Amino acid sequence: MNAENVKSQMRKGILEYCILLLLNEEPSYTSDIIQKLQEARLIVVEGTLYPLLTRLKNSGLLSYQWIESTQGPPRKYYQLTELGKVFLKELEISWDELNNSINHIRNHSK
């Protein structure tokens with residue numbers, strides 16, 4: 001089994017959650033989302049992010065608005081919808097439960 005494949009699958013599994021967490025703070029432009037994910041050491045390229053943002057929007061979890069830019073054309077800023085905020089709260093509960101379970105197993109397997 002390849003550890004890199006497992007790590008990649010783990011990152012993909014939490015990417016939606018991380019994007020929702022970031023957008024819960026403030027509406028963001030795609031390049032800002034990528035930068036914040038990179039700062040957190042989650043390397044994501046636009047080709048991965050755009051389809052994910054579209055899927056979240058089509059699911060009713062995100063909306064967007066066009067905002068004029070001083071450096072070129074208007075930019076699309078994504079934000080959480082009310083449904084997205086509810087969904088994020090559910091994910092936060094699930095994450096905490098999963099994290100507690102993993103920590104329990106790690107601490108008792110030593």
# chains A, B, ... in the order shown; residues from 1 in each chain; ligands from 1
call {"tool": "select_by_dssp", "arguments": {"residues": "stretch 2-94 of chain A", "states": "alpha helix (DSSP H)", "output": "ChimeraX atom specification"}}
result
/A:3-25,30-39,46-58,82-94
call {"tool": "closest_atom_pairs", "arguments": {"of": "stretch 18-38 of chain A", "to": "stretch 59-74 of chain A", "cutoff": "10 Å", "atoms": "only C-alpha atoms", "output": "tab-separated table"}}
result
residue	atom	partner	partner_atom	distance
A:Leu20	CA	A:Leu62	CA	8.6
A:Leu23	CA	A:Leu62	CA	8.8
A:Pro27	CA	A:Tyr64	CA	8.2
A:Ser28	CA	A:Tyr64	CA	9.1
A:Tyr29	CA	A:Tyr64	CA	9.3
call {"tool": "residues_around", "arguments": {"residues": "stretch 42-49 of chain A", "least_positions_apart": "6", "cutoff": "9 Å", "atoms": "only C-alpha atoms", "output": "list in words"}}
result
Arg11, Leu15, Thr30, Ser31, Ile33, Ile34, Gln35 and Lys36 of chain A
call {"tool": "select_by_dssp", "arguments": {"residues": "stretch 12-79 of chain A", "states": "strand (DSSP E or B)", "output": "list in words"}}
result
Ser28, Tyr29, Leu62, Ser63, Tyr64, Gln65, Trp66, Ile67, Glu68, Ser69, Gly72, Pro73, Pro74, Arg75, Lys76, Tyr77, Tyr78 and Gln79 of chain A
call {"tool": "atom_distance", "arguments": {"atom1": "atom CA of A:Thr54", "atom2": "atom CA of A:Leu91"}}
result
19.0 Å
call {"tool": "closest_residue", "arguments": {"among": "A:Ile19, A:Leu80, A:Ser94, A:Leu53", "to": "A:Ala40", "atoms": "only C-alpha atoms"}}
result
A:Ile19
call {"tool": "atom_distance", "arguments": {"atom1": "atom CA of A:Lys85", "atom2": "atom CA of A:Arg41"}}
result
24.3 Å
call {"tool": "atom_distance", "arguments": {"atom1": "atom CA of A:Arg106", "atom2": "atom CA of A:Asn2"}}
result
21.1 Å
call {"tool": "closest_residue", "arguments": {"among": "A:Tyr17, A:Ile102, A:Leu22, A:Leu37", "to": "A:Phe87", "atoms": "only C-alpha atoms"}}
result
A:Tyr17
